[in-house]
Amino acid sequence: MQVLSLESGATIKESTYPGKLIIFTGPSGVGKGSLMRSLLERHPELYYSVSVTTRPPRPGEINGKDYYFISRSKFEQLVGKREFLEWAEFAGNYYGTPREPVEKQIREGKSVVLEIELEGARQIRATFPSTLSIFILPPSFKELEKRIRGRAKDSEEAISIRLRRAQAEIHAANEFDIQIVNDDFETALNSIEATLFG
Ligand code: 5GP
């Protein structure tokens with residue numbers, strides 16, 4: 001039996017709790033966000049962890065729903081106080097998973113969904129080895145580039161940083177338990193559901 005030790009000093013026995021951690025990773029622009037939104041609409045019993053970031057909000061993004069948007073200095077303070085379950089720098093901004101709400105949900109037996117990049121996923125898998133990790137792949141790199149450019153919300157510099165990072169992330173896809181190609185949205189969503197719920 002595996003025991004998860006928590007920063008708070010409490011411990012939880014994984015086998016005693018039905019709640020588990022599920023990570024979704026995949027390159028920027030692969031469509032993870034849309035897949036997550038549909039998955040959560042269909043399965044409100046899942047708890048989605050809202051991340052903290054120093055990236056400025058994109059048009060339409062809502063503080064507390066899409067992310068908690070904070071300054072770099074505040075983020076660094078929270079890192080110092082060990083308030084994150086994991087955190088990483090991505091394309092010049094910090095991103096982190098708030099520790100307390102996730103631990104609370106797991107203790108209460110809920111399954112928690114994290115949508116995070118590769119470095120954070122590695123940290124989570126090292127801390128919680130029984131995490132179910134899913135990597136979302138694009139049908140091709142060309143198609144991914146088209147989607148990233150099509151969003152047209154980021155600067156050319158940000159786009160090229162994201163493309164380089166995407167290449168590195170795709171190379172790591174086989175570290176994950178499951179890989180799902182997001183070619184057709186419904187097919188990808190059904191594969192995710194089949195993986196999670198059988
Ligand atoms: P975006 O700026 O496009 O919203 O996100 C950039 C990348 O950061 C995406 O790959 C996204 O999955 C990842 N990300 C979002 N929240 C977190 C987090 O809390 N931790 C980590 N490590 N990555 C995150």
# chains A, B, ... in the order shown; residues from 1 in each chain; ligands from 1
call {"tool": "select_by_dssp", "arguments": {"residues": "range 69-176 of chain A", "states": "strand (DSSP E)", "output": "list of chain:residue names"}}
result
A:Phe69, A:Phe84, A:Leu85, A:Glu86, A:Trp87, A:Ala88, A:Glu89, A:Phe90, A:Asn93, A:Tyr94, A:Tyr95, A:Gly96, A:Thr97, A:Pro98, A:Val112, A:Val113, A:Leu114, A:Glu115, A:Leu132, A:Ser133, A:Ile134, A:Phe135, A:Ile136, A:Leu137
call {"tool": "write_last_selection", "arguments": {"atoms": "N, CA, C and O atoms", "output": "mmCIF file, in the first residue's frame"}}
result
data_model
loop_
_atom_site.group_PDB
_atom_site.id
_atom_site.type_symbol
_atom_site.label_atom_id
_atom_site.label_comp_id
_atom_site.auth_asym_id
_atom_site.auth_seq_id
_atom_site.Cartn_x
_atom_site.Cartn_y
_atom_site.Cartn_z
ATOM 1 N N PHE A 69 -4.348 35.042 -11.654
ATOM 2 C CA PHE A 69 -3.283 35.840 -12.257
ATOM 3 C C PHE A 69 -2.607 36.669 -11.170
ATOM 4 O O PHE A 69 -3.277 37.487 -10.515
ATOM 5 N N PHE A 84 2.880 25.564 -3.410
ATOM 6 C CA PHE A 84 2.567 24.862 -4.657
ATOM 7 C C PHE A 84 2.894 23.374 -4.555
ATOM 8 O O PHE A 84 3.902 22.988 -3.985
ATOM 9 N N LEU A 85 2.018 22.580 -5.146
ATOM 10 C CA LEU A 85 2.260 21.141 -5.248
ATOM 11 C C LEU A 85 3.361 20.897 -6.277
ATOM 12 O O LEU A 85 4.155 19.981 -6.169
ATOM 13 N N GLU A 86 3.359 21.715 -7.295
ATOM 14 C CA GLU A 86 4.406 21.741 -8.320
ATOM 15 C C GLU A 86 4.360 23.112 -8.942
ATOM 16 O O GLU A 86 3.332 23.785 -8.897
ATOM 17 N N TRP A 87 5.467 23.515 -9.552
ATOM 18 C CA TRP A 87 5.452 24.748 -10.335
ATOM 19 C C TRP A 87 6.561 24.678 -11.371
ATOM 20 O O TRP A 87 7.488 23.879 -11.241
ATOM 21 N N ALA A 88 6.454 25.502 -12.410
ATOM 22 C CA ALA A 88 7.463 25.500 -13.468
ATOM 23 C C ALA A 88 7.419 26.839 -14.179
ATOM 24 O O ALA A 88 6.443 27.595 -14.069
ATOM 25 N N GLU A 89 8.507 27.129 -14.901
ATOM 26 C CA GLU A 89 8.522 28.318 -15.758
ATOM 27 C C GLU A 89 8.260 27.839 -17.177
ATOM 28 O O GLU A 89 8.825 26.829 -17.618
ATOM 29 N N PHE A 90 7.363 28.523 -17.857
ATOM 30 C CA PHE A 90 7.009 28.131 -19.224
ATOM 31 C C PHE A 90 6.920 29.388 -20.062
ATOM 32 O O PHE A 90 6.141 30.288 -19.741
ATOM 33 N N ASN A 93 6.974 32.698 -18.229
ATOM 34 C CA ASN A 93 6.053 32.938 -17.110
ATOM 35 C C ASN A 93 6.041 31.750 -16.159
ATOM 36 O O ASN A 93 6.349 30.631 -16.556
ATOM 37 N N TYR A 94 5.677 32.031 -14.905
ATOM 38 C CA TYR A 94 5.553 30.957 -13.922
ATOM 39 C C TYR A 94 4.125 30.418 -13.920
ATOM 40 O O TYR A 94 3.159 31.181 -14.088
ATOM 41 N N TYR A 95 4.033 29.109 -13.678
ATOM 42 C CA TYR A 95 2.733 28.451 -13.528
ATOM 43 C C TYR A 95 2.839 27.495 -12.342
ATOM 44 O O TYR A 95 3.850 26.807 -12.210
ATOM 45 N N GLY A 96 1.803 27.422 -11.509
ATOM 46 C CA GLY A 96 1.874 26.503 -10.374
ATOM 47 C C GLY A 96 0.509 25.995 -9.953
ATOM 48 O O GLY A 96 -0.521 26.639 -10.189
ATOM 49 N N THR A 97 0.512 24.817 -9.333
ATOM 50 C CA THR A 97 -0.713 24.198 -8.816
ATOM 51 C C THR A 97 -0.821 24.463 -7.318
ATOM 52 O O THR A 97 0.059 24.026 -6.571
ATOM 53 N N PRO A 98 -1.862 25.170 -6.886
ATOM 54 C CA PRO A 98 -1.997 25.434 -5.449
ATOM 55 C C PRO A 98 -2.135 24.117 -4.676
ATOM 56 O O PRO A 98 -2.914 23.247 -5.062
ATOM 57 N N VAL A 112 -8.927 14.512 -8.925
ATOM 58 C CA VAL A 112 -8.506 15.879 -9.248
ATOM 59 C C VAL A 112 -7.783 15.899 -10.591
ATOM 60 O O VAL A 112 -6.882 15.094 -10.829
ATOM 61 N N VAL A 113 -8.207 16.804 -11.448
ATOM 62 C CA VAL A 113 -7.616 16.936 -12.784
ATOM 63 C C VAL A 113 -6.669 18.137 -12.824
ATOM 64 O O VAL A 113 -7.056 19.250 -12.456
ATOM 65 N N LEU A 114 -5.430 17.893 -13.254
ATOM 66 C CA LEU A 114 -4.473 18.983 -13.451
ATOM 67 C C LEU A 114 -4.147 19.065 -14.926
ATOM 68 O O LEU A 114 -3.915 18.032 -15.565
ATOM 69 N N GLU A 115 -4.114 20.283 -15.465
ATOM 70 C CA GLU A 115 -3.685 20.462 -16.848
ATOM 71 C C GLU A 115 -2.398 21.258 -16.792
ATOM 72 O O GLU A 115 -2.416 22.464 -16.551
ATOM 73 N N LEU A 132 -2.462 9.127 -12.634
ATOM 74 C CA LEU A 132 -2.725 8.702 -14.017
ATOM 75 C C LEU A 132 -2.299 9.852 -14.923
ATOM 76 O O LEU A 132 -2.798 10.972 -14.785
ATOM 77 N N SER A 133 -1.353 9.575 -15.813
ATOM 78 C CA SER A 133 -0.851 10.677 -16.653
ATOM 79 C C SER A 133 -1.225 10.451 -18.117
ATOM 80 O O SER A 133 -1.029 9.371 -18.658
ATOM 81 N N ILE A 134 -1.794 11.484 -18.698
ATOM 82 C CA ILE A 134 -2.282 11.401 -20.075
ATOM 83 C C ILE A 134 -1.613 12.498 -20.899
ATOM 84 O O ILE A 134 -1.574 13.659 -20.478
ATOM 85 N N PHE A 135 -1.073 12.111 -22.037
ATOM 86 C CA PHE A 135 -0.428 13.093 -22.913
ATOM 87 C C PHE A 135 -1.273 13.270 -24.165
ATOM 88 O O PHE A 135 -1.639 12.296 -24.824
ATOM 89 N N ILE A 136 -1.608 14.504 -24.480
ATOM 90 C CA ILE A 136 -2.404 14.792 -25.680
ATOM 91 C C ILE A 136 -1.457 15.210 -26.813
ATOM 92 O O ILE A 136 -0.694 16.175 -26.665
ATOM 93 N N LEU A 137 -1.520 14.481 -27.895
ATOM 94 C CA LEU A 137 -0.652 14.748 -29.050
ATOM 95 C C LEU A 137 -1.431 15.422 -30.174
ATOM 96 O O LEU A 137 -2.620 15.124 -30.368
#
call {"tool": "residues_around", "arguments": {"residues": "range 159-171 of chain A", "least_positions_apart": "6", "cutoff": "9 Å", "atoms": "only C-alpha atoms", "output": "list in words"}}
result
Thr25, Gly26, Pro27, Ser28, Gly29, Phe90, Ala91, Gly92, Glu117, Leu118, Phe135, Ile136, Leu137, Pro138, Phe141, Leu144, Glu145, Ile148, Arg149 and Ala152 of chain A
call {"tool": "write_last_selection", "arguments": {"atoms": "all heavy atoms", "output": "compact mmCIF listing (two decimals), in the first residue's frame"}}
result
# COMPACT_ATOMS: atom_id res chain seq x y z
N THR A 25 -1.22 16.54 -19.99
CA THR A 25 -0.10 17.33 -20.51
C THR A 25 -0.13 17.23 -22.03
O THR A 25 -0.74 16.31 -22.57
CB THR A 25 1.23 16.76 -19.96
OG1 THR A 25 1.19 16.82 -18.53
CG2 THR A 25 2.44 17.55 -20.43
N GLY A 26 0.52 18.17 -22.66
CA GLY A 26 0.58 18.16 -24.13
C GLY A 26 1.02 19.53 -24.55
O GLY A 26 0.90 20.49 -23.78
N PRO A 27 1.53 19.65 -25.76
CA PRO A 27 2.05 20.95 -26.18
C PRO A 27 0.98 22.02 -26.22
O PRO A 27 -0.20 21.73 -26.42
CB PRO A 27 2.61 20.67 -27.57
CG PRO A 27 1.90 19.44 -28.03
CD PRO A 27 1.61 18.64 -26.81
N SER A 28 1.44 23.24 -26.04
CA SER A 28 0.59 24.40 -26.17
C SER A 28 -0.12 24.34 -27.53
O SER A 28 0.49 24.01 -28.54
CB SER A 28 1.53 25.62 -26.12
OG SER A 28 0.84 26.79 -26.35
N GLY A 29 -1.42 24.60 -27.54
CA GLY A 29 -2.16 24.63 -28.81
C GLY A 29 -2.74 23.29 -29.22
O GLY A 29 -3.43 23.20 -30.24
N PHE A 90 7.36 28.52 -17.86
CA PHE A 90 7.01 28.13 -19.22
C PHE A 90 6.92 29.39 -20.06
O PHE A 90 6.14 30.29 -19.74
CB PHE A 90 5.65 27.39 -19.21
CG PHE A 90 5.20 26.92 -20.57
CD1 PHE A 90 5.44 25.61 -20.99
CD2 PHE A 90 4.54 27.79 -21.43
CE1 PHE A 90 5.03 25.18 -22.25
CE2 PHE A 90 4.13 27.36 -22.69
CZ PHE A 90 4.37 26.06 -23.10
N ALA A 91 7.71 29.43 -21.14
CA ALA A 91 7.69 30.56 -22.08
C ALA A 91 7.74 31.91 -21.35
O ALA A 91 7.00 32.84 -21.67
CB ALA A 91 6.46 30.48 -22.99
N GLY A 92 8.62 31.98 -20.34
CA GLY A 92 8.85 33.25 -19.66
C GLY A 92 7.91 33.59 -18.53
O GLY A 92 8.01 34.65 -17.91
N GLU A 117 2.18 21.56 -17.78
CA GLU A 117 3.21 21.25 -18.77
C GLU A 117 4.14 20.14 -18.23
O GLU A 117 3.97 19.65 -17.12
CB GLU A 117 3.94 22.52 -19.25
CG GLU A 117 4.50 23.39 -18.16
CD GLU A 117 5.60 22.71 -17.43
OE1 GLU A 117 6.67 22.48 -18.04
OE2 GLU A 117 5.41 22.40 -16.21
N LEU A 118 5.11 19.80 -19.07
CA LEU A 118 5.94 18.61 -18.83
C LEU A 118 6.70 18.62 -17.49
O LEU A 118 6.69 17.62 -16.76
CB LEU A 118 6.93 18.48 -20.00
CG LEU A 118 7.89 17.31 -19.95
CD1 LEU A 118 7.15 15.98 -19.98
CD2 LEU A 118 8.86 17.39 -21.14
N PHE A 135 -1.07 12.11 -22.04
CA PHE A 135 -0.43 13.09 -22.91
C PHE A 135 -1.27 13.27 -24.17
O PHE A 135 -1.64 12.30 -24.82
CB PHE A 135 0.98 12.61 -23.30
CG PHE A 135 1.82 13.71 -23.88
CD1 PHE A 135 2.67 14.45 -23.07
CD2 PHE A 135 1.77 14.01 -25.24
CE1 PHE A 135 3.44 15.48 -23.60
CE2 PHE A 135 2.53 15.04 -25.77
CZ PHE A 135 3.37 15.78 -24.95
N ILE A 136 -1.61 14.50 -24.48
CA ILE A 136 -2.40 14.79 -25.68
C ILE A 136 -1.46 15.21 -26.81
O ILE A 136 -0.69 16.18 -26.66
CB ILE A 136 -3.44 15.92 -25.43
CG1 ILE A 136 -4.25 15.68 -24.15
CG2 ILE A 136 -4.35 16.10 -26.64
CD1 ILE A 136 -5.21 14.54 -24.19
N LEU A 137 -1.52 14.48 -27.90
CA LEU A 137 -0.65 14.75 -29.05
C LEU A 137 -1.43 15.42 -30.17
O LEU A 137 -2.62 15.12 -30.37
CB LEU A 137 -0.12 13.42 -29.59
CG LEU A 137 1.03 12.76 -28.83
CD1 LEU A 137 1.10 11.28 -29.16
CD2 LEU A 137 2.35 13.45 -29.15
N PRO A 138 -0.77 16.27 -30.95
CA PRO A 138 -1.42 16.80 -32.16
C PRO A 138 -1.33 15.75 -33.27
O PRO A 138 -0.47 14.87 -33.21
CB PRO A 138 -0.55 18.01 -32.51
CG PRO A 138 0.80 17.65 -32.00
CD PRO A 138 0.61 16.77 -30.79
N PHE A 141 3.05 17.93 -36.35
CA PHE A 141 3.64 19.18 -35.86
C PHE A 141 3.15 20.35 -36.70
O PHE A 141 2.92 21.45 -36.18
CB PHE A 141 5.16 19.09 -35.86
CG PHE A 141 5.78 20.19 -35.04
CD1 PHE A 141 5.76 20.14 -33.66
CD2 PHE A 141 6.33 21.30 -35.65
CE1 PHE A 141 6.28 21.16 -32.89
CE2 PHE A 141 6.86 22.34 -34.89
CZ PHE A 141 6.84 22.26 -33.50
N LEU A 144 -0.11 21.45 -35.49
CA LEU A 144 0.04 22.17 -34.21
C LEU A 144 0.46 23.62 -34.46
O LEU A 144 -0.10 24.55 -33.88
CB LEU A 144 1.08 21.46 -33.34
CG LEU A 144 1.26 22.08 -31.95
CD1 LEU A 144 0.04 21.78 -31.08
CD2 LEU A 144 2.52 21.57 -31.26
N GLU A 145 1.43 23.79 -35.34
CA GLU A 145 1.90 25.14 -35.66
C GLU A 145 0.74 25.99 -36.19
O GLU A 145 0.56 27.14 -35.79
CB GLU A 145 3.04 25.08 -36.67
CG GLU A 145 3.54 26.47 -37.02
CD GLU A 145 4.88 26.47 -37.75
OE1 GLU A 145 5.44 25.39 -38.00
OE2 GLU A 145 5.33 27.59 -38.05
N ILE A 148 -1.45 26.96 -33.25
CA ILE A 148 -0.84 27.98 -32.37
C ILE A 148 -0.88 29.35 -33.04
O ILE A 148 -1.24 30.35 -32.42
CB ILE A 148 0.62 27.59 -32.01
CG1 ILE A 148 0.61 26.36 -31.08
CG2 ILE A 148 1.34 28.76 -31.34
CD1 ILE A 148 1.98 25.86 -30.66
N ARG A 149 -0.57 29.38 -34.34
CA ARG A 149 -0.62 30.66 -35.06
C ARG A 149 -2.05 31.15 -35.21
O ARG A 149 -2.32 32.34 -35.14
CB ARG A 149 0.04 30.52 -36.43
CG ARG A 149 1.52 30.31 -36.33
CD ARG A 149 2.24 30.43 -37.66
NE ARG A 149 3.65 30.23 -37.45
CZ ARG A 149 4.48 31.15 -36.98
NH1 ARG A 149 4.03 32.35 -36.70
NH2 ARG A 149 5.76 30.88 -36.80
N ALA A 152 -3.53 33.38 -32.61
CA ALA A 152 -3.16 34.78 -32.84
C ALA A 152 -3.31 35.67 -31.61
O ALA A 152 -3.59 36.84 -31.71
CB ALA A 152 -3.98 35.36 -34.00
call {"tool": "closest_residue", "arguments": {"among": "A:Ile22, A:Ile116, A:Val181, A:Ile192", "to": "ligand 1", "atoms": "only C-alpha atoms and all ligand atoms"}}
result
A:Ile116
call {"tool": "atom_distance", "arguments": {"atom1": "atom 19 (O, counted along the ligand's line) of ligand 1", "atom2": "CA of Arg37 in chain A"}}
result
16.0 Å
call {"tool": "atom_distance", "arguments": {"atom1": "CA of Tyr67 in chain A", "atom2": "CA of Ile23 in chain A"}}
result
16.6 Å
call {"tool": "closest_residue", "arguments": {"among": "A:Gln105, A:Ser111, A:Ser49, A:Gln123", "to": "Gly19 in chain A", "atoms": "only C-alpha atoms"}}
result
A:Ser111
call {"tool": "residues_around", "arguments": {"residues": "Ser191 in chain A", "least_positions_apart": "3", "cutoff": "12 Å", "atoms": "only C-alpha atoms", "output": "mmCIF file with all heavy atoms, in the first residue's frame"}}
result
data_model
loop_
_atom_site.group_PDB
_atom_site.id
_atom_site.type_symbol
_atom_site.label_atom_id
_atom_site.label_comp_id
_atom_site.auth_asym_id
_atom_site.auth_seq_id
_atom_site.Cartn_x
_atom_site.Cartn_y
_atom_site.Cartn_z
ATOM 1 N N LEU A 35 -10.654 20.220 -24.504
ATOM 2 C CA LEU A 35 -10.974 18.850 -24.090
ATOM 3 C C LEU A 35 -11.326 18.823 -22.606
ATOM 4 O O LEU A 35 -12.298 18.181 -22.192
ATOM 5 C CB LEU A 35 -9.789 17.915 -24.372
ATOM 6 C CG LEU A 35 -9.568 17.545 -25.844
ATOM 7 C CD1 LEU A 35 -8.207 16.889 -26.051
ATOM 8 C CD2 LEU A 35 -10.682 16.621 -26.349
ATOM 9 N N LEU A 39 -14.795 17.657 -20.881
ATOM 10 C CA LEU A 39 -14.725 16.543 -19.924
ATOM 11 C C LEU A 39 -15.391 16.935 -18.600
ATOM 12 O O LEU A 39 -16.170 16.172 -18.029
ATOM 13 C CB LEU A 39 -13.253 16.161 -19.685
ATOM 14 C CG LEU A 39 -13.018 15.029 -18.694
ATOM 15 C CD1 LEU A 39 -13.474 13.690 -19.293
ATOM 16 C CD2 LEU A 39 -11.537 14.926 -18.299
ATOM 17 N N ILE A 134 -1.794 11.484 -18.698
ATOM 18 C CA ILE A 134 -2.282 11.401 -20.075
ATOM 19 C C ILE A 134 -1.613 12.498 -20.899
ATOM 20 O O ILE A 134 -1.574 13.659 -20.478
ATOM 21 C CB ILE A 134 -3.815 11.577 -20.109
ATOM 22 C CG1 ILE A 134 -4.467 10.470 -19.268
ATOM 23 C CG2 ILE A 134 -4.340 11.567 -21.552
ATOM 24 C CD1 ILE A 134 -5.960 10.611 -19.090
ATOM 25 N N PHE A 135 -1.073 12.111 -22.037
ATOM 26 C CA PHE A 135 -0.428 13.093 -22.913
ATOM 27 C C PHE A 135 -1.273 13.270 -24.165
ATOM 28 O O PHE A 135 -1.639 12.296 -24.824
ATOM 29 C CB PHE A 135 0.977 12.614 -23.301
ATOM 30 C CG PHE A 135 1.822 13.709 -23.885
ATOM 31 C CD1 PHE A 135 2.668 14.453 -23.073
ATOM 32 C CD2 PHE A 135 1.767 14.010 -25.235
ATOM 33 C CE1 PHE A 135 3.442 15.484 -23.596
ATOM 34 C CE2 PHE A 135 2.531 15.041 -25.774
ATOM 35 C CZ PHE A 135 3.371 15.777 -24.953
ATOM 36 N N ILE A 136 -1.608 14.504 -24.480
ATOM 37 C CA ILE A 136 -2.404 14.792 -25.680
ATOM 38 C C ILE A 136 -1.457 15.210 -26.813
ATOM 39 O O ILE A 136 -0.694 16.175 -26.665
ATOM 40 C CB ILE A 136 -3.437 15.921 -25.425
ATOM 41 C CG1 ILE A 136 -4.250 15.685 -24.145
ATOM 42 C CG2 ILE A 136 -4.353 16.100 -26.639
ATOM 43 C CD1 ILE A 136 -5.206 14.541 -24.195
ATOM 44 N N ILE A 178 -0.678 7.150 -20.869
ATOM 45 C CA ILE A 178 -1.564 7.058 -22.027
ATOM 46 C C ILE A 178 -1.270 8.232 -22.973
ATOM 47 O O ILE A 178 -1.060 9.347 -22.511
ATOM 48 C CB ILE A 178 -3.056 7.218 -21.587
ATOM 49 C CG1 ILE A 178 -3.403 6.335 -20.382
ATOM 50 C CG2 ILE A 178 -4.028 7.039 -22.741
ATOM 51 C CD1 ILE A 178 -3.771 4.927 -20.716
ATOM 52 N N GLN A 179 -1.285 7.958 -24.272
ATOM 53 C CA GLN A 179 -1.161 9.041 -25.260
ATOM 54 C C GLN A 179 -2.438 9.054 -26.105
ATOM 55 O O GLN A 179 -2.896 7.997 -26.545
ATOM 56 C CB GLN A 179 0.032 8.807 -26.211
ATOM 57 C CG GLN A 179 1.397 8.870 -25.547
ATOM 58 C CD GLN A 179 1.834 7.540 -24.991
ATOM 59 O OE1 GLN A 179 1.410 6.499 -25.458
ATOM 60 N NE2 GLN A 179 2.664 7.560 -23.948
ATOM 61 N N ILE A 180 -2.980 10.244 -26.275
ATOM 62 C CA ILE A 180 -4.199 10.378 -27.079
ATOM 63 C C ILE A 180 -3.969 11.462 -28.133
ATOM 64 O O ILE A 180 -3.514 12.564 -27.809
ATOM 65 C CB ILE A 180 -5.398 10.728 -26.164
ATOM 66 C CG1 ILE A 180 -5.724 9.509 -25.280
ATOM 67 C CG2 ILE A 180 -6.621 11.176 -26.983
ATOM 68 C CD1 ILE A 180 -6.753 9.733 -24.217
ATOM 69 N N VAL A 181 -4.281 11.123 -29.378
ATOM 70 C CA VAL A 181 -4.095 12.100 -30.463
ATOM 71 C C VAL A 181 -5.374 12.915 -30.613
ATOM 72 O O VAL A 181 -6.459 12.356 -30.753
ATOM 73 C CB VAL A 181 -3.766 11.377 -31.799
ATOM 74 C CG1 VAL A 181 -3.629 12.400 -32.933
ATOM 75 C CG2 VAL A 181 -2.490 10.563 -31.663
ATOM 76 N N ASN A 182 -5.224 14.234 -30.552
ATOM 77 C CA ASN A 182 -6.385 15.102 -30.752
ATOM 78 C C ASN A 182 -6.466 15.515 -32.218
ATOM 79 O O ASN A 182 -6.063 16.615 -32.592
ATOM 80 C CB ASN A 182 -6.317 16.331 -29.840
ATOM 81 C CG ASN A 182 -7.575 17.184 -29.936
ATOM 82 O OD1 ASN A 182 -8.608 16.711 -30.412
ATOM 83 N ND2 ASN A 182 -7.485 18.427 -29.492
ATOM 84 N N ASP A 183 -6.985 14.575 -33.021
ATOM 85 C CA ASP A 183 -7.208 14.873 -34.438
ATOM 86 C C ASP A 183 -8.667 15.286 -34.558
ATOM 87 O O ASP A 183 -9.006 16.439 -34.834
ATOM 88 C CB ASP A 183 -6.882 13.619 -35.256
ATOM 89 C CG ASP A 183 -6.891 13.899 -36.744
ATOM 90 O OD1 ASP A 183 -7.201 15.037 -37.129
ATOM 91 O OD2 ASP A 183 -6.601 12.979 -37.527
ATOM 92 N N ASP A 184 -9.550 14.334 -34.230
ATOM 93 C CA ASP A 184 -10.978 14.641 -34.189
ATOM 94 C C ASP A 184 -11.362 14.832 -32.717
ATOM 95 O O ASP A 184 -11.107 13.958 -31.876
ATOM 96 C CB ASP A 184 -11.761 13.473 -34.805
ATOM 97 C CG ASP A 184 -13.250 13.690 -34.657
ATOM 98 O OD1 ASP A 184 -13.770 14.631 -35.284
ATOM 99 O OD2 ASP A 184 -13.877 12.943 -33.888
ATOM 100 N N PHE A 185 -11.970 15.980 -32.388
ATOM 101 C CA PHE A 185 -12.242 16.355 -30.995
ATOM 102 C C PHE A 185 -13.072 15.294 -30.259
ATOM 103 O O PHE A 185 -12.720 14.858 -29.167
ATOM 104 C CB PHE A 185 -12.964 17.714 -30.977
ATOM 105 C CG PHE A 185 -13.203 18.249 -29.594
ATOM 106 C CD1 PHE A 185 -12.218 18.979 -28.943
ATOM 107 C CD2 PHE A 185 -14.400 18.031 -28.947
ATOM 108 C CE1 PHE A 185 -12.430 19.480 -27.663
ATOM 109 C CE2 PHE A 185 -14.627 18.518 -27.666
ATOM 110 C CZ PHE A 185 -13.642 19.243 -27.025
ATOM 111 N N GLU A 186 -14.210 14.871 -30.874
ATOM 112 C CA GLU A 186 -15.110 13.902 -30.217
ATOM 113 C C GLU A 186 -14.416 12.578 -29.956
ATOM 114 O O GLU A 186 -14.585 11.971 -28.891
ATOM 115 C CB GLU A 186 -16.357 13.658 -31.089
ATOM 116 C CG GLU A 186 -17.468 14.653 -30.862
ATOM 117 C CD GLU A 186 -17.942 14.753 -29.401
ATOM 118 O OE1 GLU A 186 -18.162 13.698 -28.781
ATOM 119 O OE2 GLU A 186 -18.068 15.883 -28.905
ATOM 120 N N THR A 187 -13.613 12.136 -30.935
ATOM 121 C CA THR A 187 -12.900 10.865 -30.779
ATOM 122 C C THR A 187 -11.916 10.969 -29.620
ATOM 123 O O THR A 187 -11.806 10.055 -28.788
ATOM 124 C CB THR A 187 -12.139 10.501 -32.086
ATOM 125 O OG1 THR A 187 -13.060 10.630 -33.166
ATOM 126 C CG2 THR A 187 -11.563 9.119 -32.041
ATOM 127 N N ALA A 188 -11.205 12.098 -29.555
ATOM 128 C CA ALA A 188 -10.228 12.280 -28.473
ATOM 129 C C ALA A 188 -10.940 12.306 -27.125
ATOM 130 O O ALA A 188 -10.501 11.675 -26.153
ATOM 131 C CB ALA A 188 -9.438 13.565 -28.696
ATOM 132 N N ALA A 194 -13.018 6.897 -21.951
ATOM 133 C CA ALA A 194 -12.806 5.440 -21.856
ATOM 134 C C ALA A 194 -11.629 5.145 -20.927
ATOM 135 O O ALA A 194 -11.662 4.200 -20.133
ATOM 136 C CB ALA A 194 -12.555 4.863 -23.238
ATOM 137 N N THR A 195 -10.593 5.988 -20.979
ATOM 138 C CA THR A 195 -9.436 5.787 -20.110
ATOM 139 C C THR A 195 -9.799 6.007 -18.642
ATOM 140 O O THR A 195 -9.395 5.249 -17.767
ATOM 141 C CB THR A 195 -8.326 6.794 -20.495
ATOM 142 O OG1 THR A 195 -7.988 6.592 -21.856
ATOM 143 C CG2 THR A 195 -7.096 6.634 -19.623
ATOM 144 N N LEU A 196 -10.603 7.030 -18.396
ATOM 145 C CA LEU A 196 -10.917 7.385 -16.998
ATOM 146 C C LEU A 196 -12.015 6.518 -16.401
ATOM 147 O O LEU A 196 -11.991 6.206 -15.220
ATOM 148 C CB LEU A 196 -11.334 8.859 -16.890
ATOM 149 C CG LEU A 196 -10.308 9.909 -17.292
ATOM 150 C CD1 LEU A 196 -10.841 11.299 -16.988
ATOM 151 C CD2 LEU A 196 -9.007 9.688 -16.543
ATOM 152 N N PHE A 197 -12.999 6.174 -17.224
ATOM 153 C CA PHE A 197 -14.195 5.539 -16.654
ATOM 154 C C PHE A 197 -14.440 4.123 -17.191
ATOM 155 O O PHE A 197 -15.421 3.487 -16.838
ATOM 156 C CB PHE A 197 -15.427 6.417 -16.904
ATOM 157 C CG PHE A 197 -15.249 7.811 -16.360
ATOM 158 C CD1 PHE A 197 -14.992 8.871 -17.210
ATOM 159 C CD2 PHE A 197 -15.315 8.045 -14.992
ATOM 160 C CE1 PHE A 197 -14.803 10.159 -16.709
ATOM 161 C CE2 PHE A 197 -15.123 9.326 -14.481
ATOM 162 C CZ PHE A 197 -14.872 10.386 -15.346
ATOM 163 N N GLY A 198 -13.592 3.671 -18.090
ATOM 164 C CA GLY A 198 -13.691 2.293 -18.574
ATOM 165 C C GLY A 198 -14.767 2.077 -19.610
ATOM 166 O O GLY A 198 -15.514 2.960 -19.935
#
call {"tool": "closest_residue", "arguments": {"among": "A:Glu61, A:Gln77, A:Ala173, A:Glu83", "to": "Arg122 in chain A", "atoms": "only C-alpha atoms"}}
result
A:Ala173
call {"tool": "closest_residue", "arguments": {"among": "A:Glu157, A:Phe176, A:Val50, A:Asn190", "to": "Pro101 in chain A", "atoms": "only C-alpha atoms"}}
result
A:Val50
call {"tool": "select_by_dssp", "arguments": {"residues": "range 18-171 of chain A", "states": "helix (DSSP H, G or I)", "output": "JSON, numbers by chain"}}
result
{"A": [32, 33, 34, 35, 36, 37, 38, 39, 40, 41, 42, 72, 73, 74, 75, 76, 77, 78, 79, 80, 99, 100, 101, 102, 103, 104, 105, 106, 107, 118, 119, 120, 121, 122, 123, 124, 125, 126, 127, 141, 142, 143, 144, 145, 146, 147, 148, 149, 150, 151, 156, 157, 158, 159, 160, 161, 162, 163, 164, 165, 166, 167, 168, 169, 170, 171]}
call {"tool": "closest_residue", "arguments": {"among": "A:Lys81, A:Arg125, A:Lys110, A:Arg58", "to": "ligand 1", "atoms": "only C-alpha atoms and all ligand atoms"}}
result
A:Arg58
call {"tool": "closest_residue", "arguments": {"among": "A:Ala121, A:Gly64, A:Leu46, A:Ser38", "to": "ligand 1", "atoms": "only C-alpha atoms and all ligand atoms"}}
result
A:Ala121
